[in-house]
Number of protein chains: 2
Amino acid sequence: MAMPKGPQAFPRDEYLRRLSAVKLEMKRRETDVLMVTTPSNITYLSGYTSKSGYVPQGLIVSLWEDEPTFLTRRMDAPAAIHQMFMDRSRVIGWPETLVGHPELDGFDAIIDFLHEHNFARCRLGLEMKSLAAQTVEKFKSRMSNAKVVDFSNAVTWIRLVKSDLEIAVMKEAAAITDAAMLRAKEVIRPGIRESDAAAEIIATLVRGANGKPGTDLSGFYMCASPRSATCHIPWSEDVFGKGSQINLEFGGKRHGYVSALMRTFSIGKPSDRLRRTHEAEVAGLEAALAAARPGATCGDIAAAFNSMLKKWGFMKESRCGYPIGIDQLEPTASLKEGDATLLQPNMTFHLMLGNWVDEDFGYVISETFRVTNAGAQVFSSFPRELFEL
Amino acid sequence: MAMPKGPQAFPRDEYLRRLSAVKLEMKRRETDVLMVTTPSNITYLSGYTSKSGYVPQGLIVSLWEDEPTFLTRRMDAPAAIHQMFMDRSRVIGWPETLVGHPELDGFDAIIDFLHEHNFARCRLGLEMKSLAAQTVEKFKSRMSNAKVVDFSNAVTWIRLVKSDLEIAVMKEAAAITDAAMLRAKEVIRPGIRESDAAAEIIATLVRGANGKPGTDLSGFYMCASPRSATCHIPWSEDVFGKGSQINLEFGGKRHGYVSALMRTFSIGKPSDRLRRTHEAEVAGLEAALAAARPGATCGDIAAAFNSMLKKWGFMKESRCGYPIGIDQLEPTASLKEGDATLLQPNMTFHLMLGNWVDEDFGYVISETFRVTNAGAQVFSSFPRELFEL
């Protein structure tokens, strides 16, 4: 029996609309055929979220065809048939013999495919920034009659403005995030192991909210005293104690889309420094959100935050956030002073105000929001408190 | 207050021993200084497991110094000071201004460091296979007087033979894996959502076993009917039903090290095809383990499995597994016919016998084991059954 199509996260028209935008960019860059290799861009253009990116794979978008073709490891092809919107004939599994092969790999199968389909002399778009040097070399040598065009981040930039359908999925993810943050508030207690609290919070991220389960996990960071100045440690083997500070960052995930949130917790009364930092950062957060309207720039959001923080006598060294969507961080625009990217409705950002000041002091708060004509719309409804447990 | 050193997974001597092996290889390849960028290799040589690999970072190993130097994003430096075995002066945070910068990135800071430390004319090892083409270009242009040596996978090959200390950590991970597989057996029932079962199993992977928590999560795959022919889908939004088949793959994780395990479950009586496949695969698994002794090759293990499977009238297209350690898959030797890698005591493998045959039929079983002079020692004590629930 053939693998059935799974329930699709988005209708076919949504994928065709995304592909049209990519094809317009291909024409602008004088590209005939594009090999998409960044996993989040493959998800965007096909619905595929299975974890086969550890081996070479590529989604081939041609100007002359409605649907792209996906080449992946043979054993991963059934998942692609199940998850992708395209016809099953559009999924091609390359042979298992290429795994662990001394000279060849899956990119050789993709190059064979391009030759067989008369793309040998085409203008070929590659996401060069995320391809290994030797892979680019392989394409240049085995496709020596093709003209290679750098398509790095071009699809990622198209993802910056979301459709209403994507916004709806991100709001489902945000509800999961909120449920997990509430669970954190319940389970973080003195005498509890960090790992036991993490287990409860993560289980909530998997179970989901409002009948919508999480469909995967995203980055999870629980940085507790004496690690409150760190930002990317999942959790430790310690036990929470009186006076522990706990900085949390995580996001629920639906069909690849993440809505991230950061909050700071204190077991017992927070220090004056922590309390004042919190007040300054919340004021900065509100100023930043107020600056987020169509026509303003990403830099304006950062400037509004930084100047409010300065008024309170604080500063933050790192940028104020980044576009968010599939797999959390989109490496395009930046919420950073000087970034001239014009804000448009349905751009989504993680206003990430984590502030790791000294080796023994850090504080986190954030919001995931979209730009609307009426200003910023925040996805979470979790209070902006410094939680005393 | 300065960031304190955290409890170290391994004693200083263990890291110095690993570094000695790397330096020997550097001499063999006529390399003065090596930039290690693969996250699992950084973990191996320093103890660092924090998740900062989304930005440029490098562990600089020089022939003339005992301890390496780590350059990472400024906000991630405190975690490195906390987790790495080296002196705190060996951790250098590059400036936050390089994040989202239009031309520069963290590799420019690393190149500046190499210039400042008189490595401009050295023989420089790079893990080229895992570096983006533009990063290699940057090194070649900004370090034009250095001789670049390809060090791809060289550190990874050194990881192939584990120390007894590493084996002990992998056994701790295996106990967590077993606890989670037992939990799977308890919670997978008809009428239960896949996500709710996944939440319980994953929570067990976090809580750990024998007082040793998981320190992170590894890949988690629950591929249930009608997806039993897929291998890398975390879970779906479906509900288990009568007759569902569930293929599980996951591994507990301790200090980066994973011990992976796969088992197949059936709700109700398994089909004859599934039962016979199970019997053949278990016979093949036992034959493969019996072939795993010092002096034999990786290829011999695969040949033993394949010929036993053939006797039963079956075959498996994909290879039979791979070396396992930090972050599960080590991309070096292969349990594949023809692989001439000689087995040595304390090599560890994931004998991965997942067999995805048709679009509607797949079966999984696996063991993580080490080679000893007395043969294969399996880390899990979970029964090799086809579980009927």
# chains A, B, ... in the order shown; residues from 1 in each chain; ligands from 1
call {"tool": "closest_atom_pairs", "arguments": {"of": "chain B", "to": "chain A", "cutoff": "7 Å", "atoms": "only C-alpha atoms", "output": "tab-separated table"}}
result
residue	atom	partner	partner_atom	distance
B:Met1	CA	A:Asp360	CA	5.7
B:Ala2	CA	A:Glu359	CA	5.4
B:Met3	CA	A:Glu359	CA	5.0
B:Ser50	CA	A:Ile233	CA	4.8
B:Lys51	CA	A:His232	CA	5.1
B:Ser52	CA	A:His232	CA	6.5
B:Met75	CA	A:Trp356	CA	6.3
B:Asp76	CA	A:Thr230	CA	6.3
B:Pro78	CA	A:Thr230	CA	5.7
B:Ala79	CA	A:Thr230	CA	5.1
B:Glu96	CA	A:Ser318	CA	5.2
B:Gly100	CA	A:Ser334	CA	6.1
B:Met128	CA	A:Ala133	CA	6.8
B:Lys129	CA	A:Ala132	CA	5.8
B:Ser130	CA	A:Ala132	CA	5.8
B:Leu131	CA	A:Ala132	CA	5.4
B:Ala132	CA	A:Ala132	CA	4.4
B:Ala133	CA	A:Ala133	CA	3.7
B:Gln134	CA	A:Lys129	CA	6.3
B:Val136	CA	A:Ala133	CA	6.8
B:Ser195	CA	A:Arg207	CA	5.5
B:Asp196	CA	A:Arg207	CA	5.3
B:Ala199	CA	A:Ala203	CA	4.4
B:Glu200	CA	A:Ala203	CA	6.6
B:Ile202	CA	A:Ala203	CA	6.9
B:Ala203	CA	A:Ala199	CA	4.4
B:Val206	CA	A:Ala199	CA	5.3
B:Arg207	CA	A:Asp196	CA	5.3
B:Pro213	CA	A:Ser195	CA	6.3
B:Thr215	CA	A:Ser236	CA	6.5
B:Asp216	CA	A:Pro234	CA	6.3
B:Ala229	CA	A:Pro78	CA	6.5
B:Thr230	CA	A:Ala79	CA	5.1
B:Cys231	CA	A:Asp76	CA	6.6
B:His232	CA	A:Lys51	CA	5.1
B:Ile233	CA	A:Ser50	CA	4.8
B:Pro234	CA	A:Asp216	CA	6.3
B:Trp235	CA	A:Thr215	CA	6.7
B:Ser236	CA	A:Thr215	CA	6.5
B:Glu237	CA	A:Pro213	CA	6.7
B:Glu317	CA	A:Glu96	CA	6.5
B:Ser318	CA	A:Glu96	CA	5.2
B:Ser334	CA	A:Gly100	CA	6.1
B:Trp356	CA	A:Met75	CA	6.4
B:Glu359	CA	A:Met3	CA	5.0
B:Asp360	CA	A:Met1	CA	5.7
call {"tool": "write_last_selection", "arguments": {"atoms": "N, CA and C atoms", "output": "tab-separated table (two decimals), in the first residue's frame"}}
result
chain	number	residue	atom	x	y	z
B	1	MET	N	30.95	39.31	41.07
B	1	MET	CA	31.52	37.99	41.35
B	1	MET	C	31.78	37.26	40.03
B	2	ALA	N	32.86	36.53	39.99
B	2	ALA	CA	33.20	35.81	38.77
B	2	ALA	C	32.36	34.54	38.65
B	3	MET	N	32.10	34.12	37.43
B	3	MET	CA	31.38	32.87	37.18
B	3	MET	C	32.19	31.69	37.74
B	50	SER	N	26.96	23.89	26.01
B	50	SER	CA	25.98	24.96	25.82
B	50	SER	C	25.74	25.17	24.32
B	51	LYS	N	24.52	25.65	23.97
B	51	LYS	CA	24.08	25.65	22.57
B	51	LYS	C	24.36	26.97	21.85
B	52	SER	N	25.63	27.28	21.68
B	52	SER	CA	25.96	28.54	21.02
B	52	SER	C	26.47	28.34	19.60
B	75	MET	N	27.94	36.93	24.79
B	75	MET	CA	26.90	36.49	25.74
B	75	MET	C	27.03	35.01	26.10
B	76	ASP	N	27.74	34.24	25.30
B	76	ASP	CA	27.91	32.82	25.58
B	76	ASP	C	29.20	32.50	26.34
B	78	PRO	N	30.23	33.37	29.44
B	78	PRO	CA	30.11	32.86	30.82
B	78	PRO	C	29.80	31.36	30.90
B	79	ALA	N	28.96	30.85	29.99
B	79	ALA	CA	28.66	29.41	29.98
B	79	ALA	C	29.92	28.61	29.68
B	96	GLU	N	29.34	41.70	20.60
B	96	GLU	CA	27.95	41.54	20.15
B	96	GLU	C	27.67	42.30	18.86
B	100	GLY	N	24.47	39.95	13.32
B	100	GLY	CA	23.62	40.71	12.39
B	100	GLY	C	24.39	41.80	11.66
B	128	MET	N	37.15	21.74	7.23
B	128	MET	CA	36.59	22.33	6.00
B	128	MET	C	35.20	21.77	5.66
B	129	LYS	N	34.98	20.48	5.89
B	129	LYS	CA	33.73	19.87	5.46
B	129	LYS	C	32.52	20.49	6.15
B	130	SER	N	32.73	21.01	7.36
B	130	SER	CA	31.59	21.56	8.08
B	130	SER	C	31.61	23.08	8.08
B	131	LEU	N	32.51	23.69	7.33
B	131	LEU	CA	32.55	25.15	7.23
B	131	LEU	C	31.89	25.59	5.93
B	132	ALA	N	31.16	26.70	6.00
B	132	ALA	CA	30.53	27.23	4.80
B	132	ALA	C	31.61	27.72	3.84
B	133	ALA	N	31.28	27.66	2.55
B	133	ALA	CA	32.22	28.06	1.51
B	133	ALA	C	32.75	29.47	1.79
B	134	GLN	N	31.86	30.38	2.18
B	134	GLN	CA	32.31	31.77	2.37
B	134	GLN	C	33.25	31.91	3.57
B	136	VAL	N	35.48	29.54	4.53
B	136	VAL	CA	36.78	29.08	4.04
B	136	VAL	C	37.43	30.19	3.20
B	195	SER	N	1.18	12.54	21.02
B	195	SER	CA	1.89	13.61	21.73
B	195	SER	C	1.86	13.41	23.24
B	196	ASP	N	0.74	12.89	23.78
B	196	ASP	CA	0.67	12.67	25.23
B	196	ASP	C	1.63	11.56	25.66
B	199	ALA	N	5.14	12.99	25.44
B	199	ALA	CA	5.42	13.87	26.58
B	199	ALA	C	5.94	13.07	27.77
B	200	GLU	N	5.31	11.92	28.03
B	200	GLU	CA	5.72	11.09	29.17
B	200	GLU	C	7.11	10.49	28.95
B	202	ILE	N	9.51	11.58	26.90
B	202	ILE	CA	10.53	12.63	26.88
B	202	ILE	C	10.80	13.13	28.30
B	203	ALA	N	9.74	13.27	29.10
B	203	ALA	CA	9.94	13.71	30.50
B	203	ALA	C	10.85	12.72	31.23
B	206	VAL	N	14.41	13.35	30.40
B	206	VAL	CA	14.94	14.54	31.11
B	206	VAL	C	15.21	14.20	32.57
B	207	ARG	N	14.25	13.52	33.23
B	207	ARG	CA	14.42	13.20	34.66
B	207	ARG	C	15.59	12.25	34.88
B	213	PRO	N	20.23	12.66	36.17
B	213	PRO	CA	19.31	13.20	35.17
B	213	PRO	C	19.90	13.18	33.78
B	215	THR	N	21.00	15.29	30.73
B	215	THR	CA	21.51	16.67	30.77
B	215	THR	C	21.08	17.43	29.51
B	216	ASP	N	20.37	16.76	28.63
B	216	ASP	CA	19.88	17.38	27.40
B	216	ASP	C	19.02	16.33	26.70
B	229	ALA	N	6.67	3.37	8.07
B	229	ALA	CA	7.76	3.28	7.08
B	229	ALA	C	8.60	4.56	7.06
B	230	THR	N	8.33	5.48	8.00
B	230	THR	CA	9.16	6.69	8.10
B	230	THR	C	10.11	6.52	9.28
B	231	CYS	N	11.15	7.34	9.32
B	231	CYS	CA	12.13	7.13	10.40
B	231	CYS	C	12.47	8.39	11.19
B	232	HIS	N	12.14	9.59	10.71
B	232	HIS	CA	12.61	10.78	11.42
B	232	HIS	C	11.51	11.81	11.70
B	233	ILE	N	10.30	11.31	11.98
B	233	ILE	CA	9.21	12.20	12.41
B	233	ILE	C	9.11	12.10	13.94
B	234	PRO	N	9.18	13.23	14.66
B	234	PRO	CA	9.16	13.15	16.13
B	234	PRO	C	7.90	12.46	16.66
B	235	TRP	N	6.73	12.95	16.27
B	235	TRP	CA	5.45	12.32	16.59
B	235	TRP	C	4.42	13.05	15.76
B	236	SER	N	3.17	12.56	15.77
B	236	SER	CA	2.14	13.25	14.99
B	236	SER	C	1.01	13.67	15.91
B	237	GLU	N	-0.05	14.23	15.32
B	237	GLU	CA	-1.21	14.66	16.12
B	237	GLU	C	-2.25	13.55	16.22
B	317	GLU	N	18.38	-2.58	3.01
B	317	GLU	CA	19.04	-1.76	2.01
B	317	GLU	C	20.09	-0.83	2.65
B	318	SER	N	19.72	-0.21	3.79
B	318	SER	CA	20.60	0.80	4.40
B	318	SER	C	21.67	0.13	5.26
B	334	SER	N	31.69	3.03	9.28
B	334	SER	CA	30.31	2.67	8.94
B	334	SER	C	30.14	1.17	9.15
B	356	TRP	N	13.25	-0.02	6.66
B	356	TRP	CA	12.06	0.61	6.09
B	356	TRP	C	11.90	0.07	4.68
B	359	GLU	N	6.43	1.43	1.47
B	359	GLU	CA	5.85	2.68	1.97
B	359	GLU	C	4.89	2.46	3.14
B	360	ASP	N	4.43	1.23	3.29
B	360	ASP	CA	3.54	0.97	4.42
B	360	ASP	C	4.13	-0.05	5.40
call {"tool": "residues_around", "arguments": {"residues": "Phe369 (chain B)", "least_positions_apart": "6", "cutoff": "7 Å", "atoms": "only C-alpha atoms", "output": "list in words"}}
result
Thr348, Phe349, His350, Ala376, Gln377, Val378 and Phe379 of chain B
call {"tool": "atom_distance", "arguments": {"atom1": "CA of Lys140 (chain A)", "atom2": "CA of Ser40 (chain A)"}}
result
24.7 Å
call {"tool": "residues_around", "arguments": {"residues": "Gly252 (chain A)", "least_positions_apart": "6", "cutoff": "6 Å", "atoms": "only C-alpha atoms", "output": "number ranges by chain"}}
result
A: 173, 176-177, 205, 258-259
call {"tool": "write_last_selection", "arguments": {"atoms": "C-alpha atoms", "output": "CSV table (one decimal), in the first residue's frame"}}
result
chain,number,residue,atom,x,y,z
A,173,ALA,CA,2.4,27.8,19.3
A,176,ILE,CA,1.6,26.2,24.1
A,177,THR,CA,4.4,28.5,25.2
A,205,LEU,CA,5.4,21.8,25.4
A,258,VAL,CA,7.9,28.8,17.1
A,259,SER,CA,6.5,31.5,19.4
call {"tool": "residues_around", "arguments": {"residues": "Asp164 (chain A)", "least_positions_apart": "5", "cutoff": "12 Å", "atoms": "only C-alpha atoms", "output": "PDB file with C-alpha atoms, in the first residue's frame"}}
result
ATOM      1  CA  PHE A  10      -1.483  24.681   5.050  1.00  0.00           C
ATOM      2  CA  GLU A  14      -0.562  28.762   0.361  1.00  0.00           C
ATOM      3  CA  VAL A 169      -0.213  28.708  13.524  1.00  0.00           C
ATOM      4  CA  MET A 170       2.172  30.944  15.476  1.00  0.00           C
ATOM      5  CA  LYS A 171      -0.679  31.868  17.834  1.00  0.00           C
ATOM      6  CA  PRO A 345       2.128  44.270   8.623  1.00  0.00           C
ATOM      7  CA  ASN A 346       2.541  40.568   9.555  1.00  0.00           C
ATOM      8  CA  MET A 347       6.272  40.723  10.060  1.00  0.00           C
ATOM      9  CA  THR A 348       6.914  38.715  13.239  1.00  0.00           C
ATOM     10  CA  ARG A 370       3.568  40.741  14.835  1.00  0.00           C
ATOM     11  CA  VAL A 371       3.402  44.153  13.247  1.00  0.00           C
ATOM     12  CA  THR A 372      -0.144  45.326  12.422  1.00  0.00           C
TER      13      THR A 372
END
call {"tool": "select_by_dssp", "arguments": {"residues": "region 8-52 of chain B", "states": "helix (DSSP H, G or I)", "output": "list in words"}}
result
Arg12, Asp13, Glu14, Tyr15, Leu16, Arg17, Arg18, Leu19, Ser20, Ala21, Val22, Lys23, Leu24, Glu25, Met26, Lys27, Arg28, Pro39, Ser40, Asn41, Ile42, Thr43, Tyr44, Leu45 and Ser46 of chain B
call {"tool": "atom_distance", "arguments": {"atom1": "CA of Thr38 (chain A)", "atom2": "CA of Thr156 (chain A)"}}
result
9.0 Å
call {"tool": "select_by_dssp", "arguments": {"residues": "region 1-139 of chain B", "states": "strand (DSSP E)", "output": "list in words"}}
result
Val33, Leu34, Met35, Val36, Gly58, Leu59, Ile60, Val61, Ser62, Thr69, Phe70, Leu71, Thr72, Arg73, Val91, Ile92, Gly93, Trp94, Arg123, Leu124, Gly125 and Leu126 of chain B
call {"tool": "write_last_selection", "arguments": {"atoms": "C-alpha atoms", "output": "mmCIF file, in the first residue's frame"}}
result
data_model
loop_
_atom_site.group_PDB
_atom_site.id
_atom_site.type_symbol
_atom_site.label_atom_id
_atom_site.label_comp_id
_atom_site.auth_asym_id
_atom_site.auth_seq_id
_atom_site.Cartn_x
_atom_site.Cartn_y
_atom_site.Cartn_z
ATOM 1 C CA VAL B 33 47.311 25.488 14.990
ATOM 2 C CA LEU B 34 43.850 23.981 14.606
ATOM 3 C CA MET B 35 40.458 25.676 14.725
ATOM 4 C CA VAL B 36 37.857 23.151 15.916
ATOM 5 C CA GLY B 58 36.129 28.109 17.392
ATOM 6 C CA LEU B 59 38.313 26.169 19.796
ATOM 7 C CA ILE B 60 41.914 27.042 18.946
ATOM 8 C CA VAL B 61 44.370 24.214 19.647
ATOM 9 C CA SER B 62 48.040 25.137 19.322
ATOM 10 C CA THR B 69 41.432 28.885 23.678
ATOM 11 C CA PHE B 70 37.740 29.224 22.917
ATOM 12 C CA LEU B 71 36.283 32.187 21.056
ATOM 13 C CA THR B 72 32.506 32.531 21.124
ATOM 14 C CA ARG B 73 29.808 35.195 21.191
ATOM 15 C CA VAL B 91 37.572 31.894 27.015
ATOM 16 C CA ILE B 92 37.248 34.999 24.865
ATOM 17 C CA GLY B 93 33.903 36.542 23.946
ATOM 18 C CA TRP B 94 33.751 38.299 20.602
ATOM 19 C CA ARG B 123 49.972 25.977 9.045
ATOM 20 C CA LEU B 124 46.290 26.260 10.010
ATOM 21 C CA GLY B 125 43.964 23.262 10.343
ATOM 22 C CA LEU B 126 40.287 23.861 9.474
#
call {"tool": "decode", "arguments": {"residues": "region 168-180 of chain A", "atoms": "C-alpha atoms", "output": "mmCIF file, in the first residue's frame"}}
result
data_model
loop_
_atom_site.group_PDB
_atom_site.id
_atom_site.type_symbol
_atom_site.label_atom_id
_atom_site.label_comp_id
_atom_site.auth_asym_id
_atom_site.auth_seq_id
_atom_site.Cartn_x
_atom_site.Cartn_y
_atom_site.Cartn_z
ATOM 1 C CA ALA A 168 -2.711 31.572 13.115
ATOM 2 C CA VAL A 169 -0.213 28.708 13.524
ATOM 3 C CA MET A 170 2.172 30.944 15.476
ATOM 4 C CA LYS A 171 -0.679 31.868 17.834
ATOM 5 C CA GLU A 172 -1.332 28.158 18.420
ATOM 6 C CA ALA A 173 2.368 27.819 19.274
ATOM 7 C CA ALA A 174 2.138 30.842 21.605
ATOM 8 C CA ALA A 175 -0.704 29.234 23.571
ATOM 9 C CA ILE A 176 1.552 26.204 24.117
ATOM 10 C CA THR A 177 4.382 28.475 25.243
ATOM 11 C CA ASP A 178 2.107 30.163 27.779
ATOM 12 C CA ALA A 179 0.894 26.811 29.152
ATOM 13 C CA ALA A 180 4.502 25.722 29.634
#
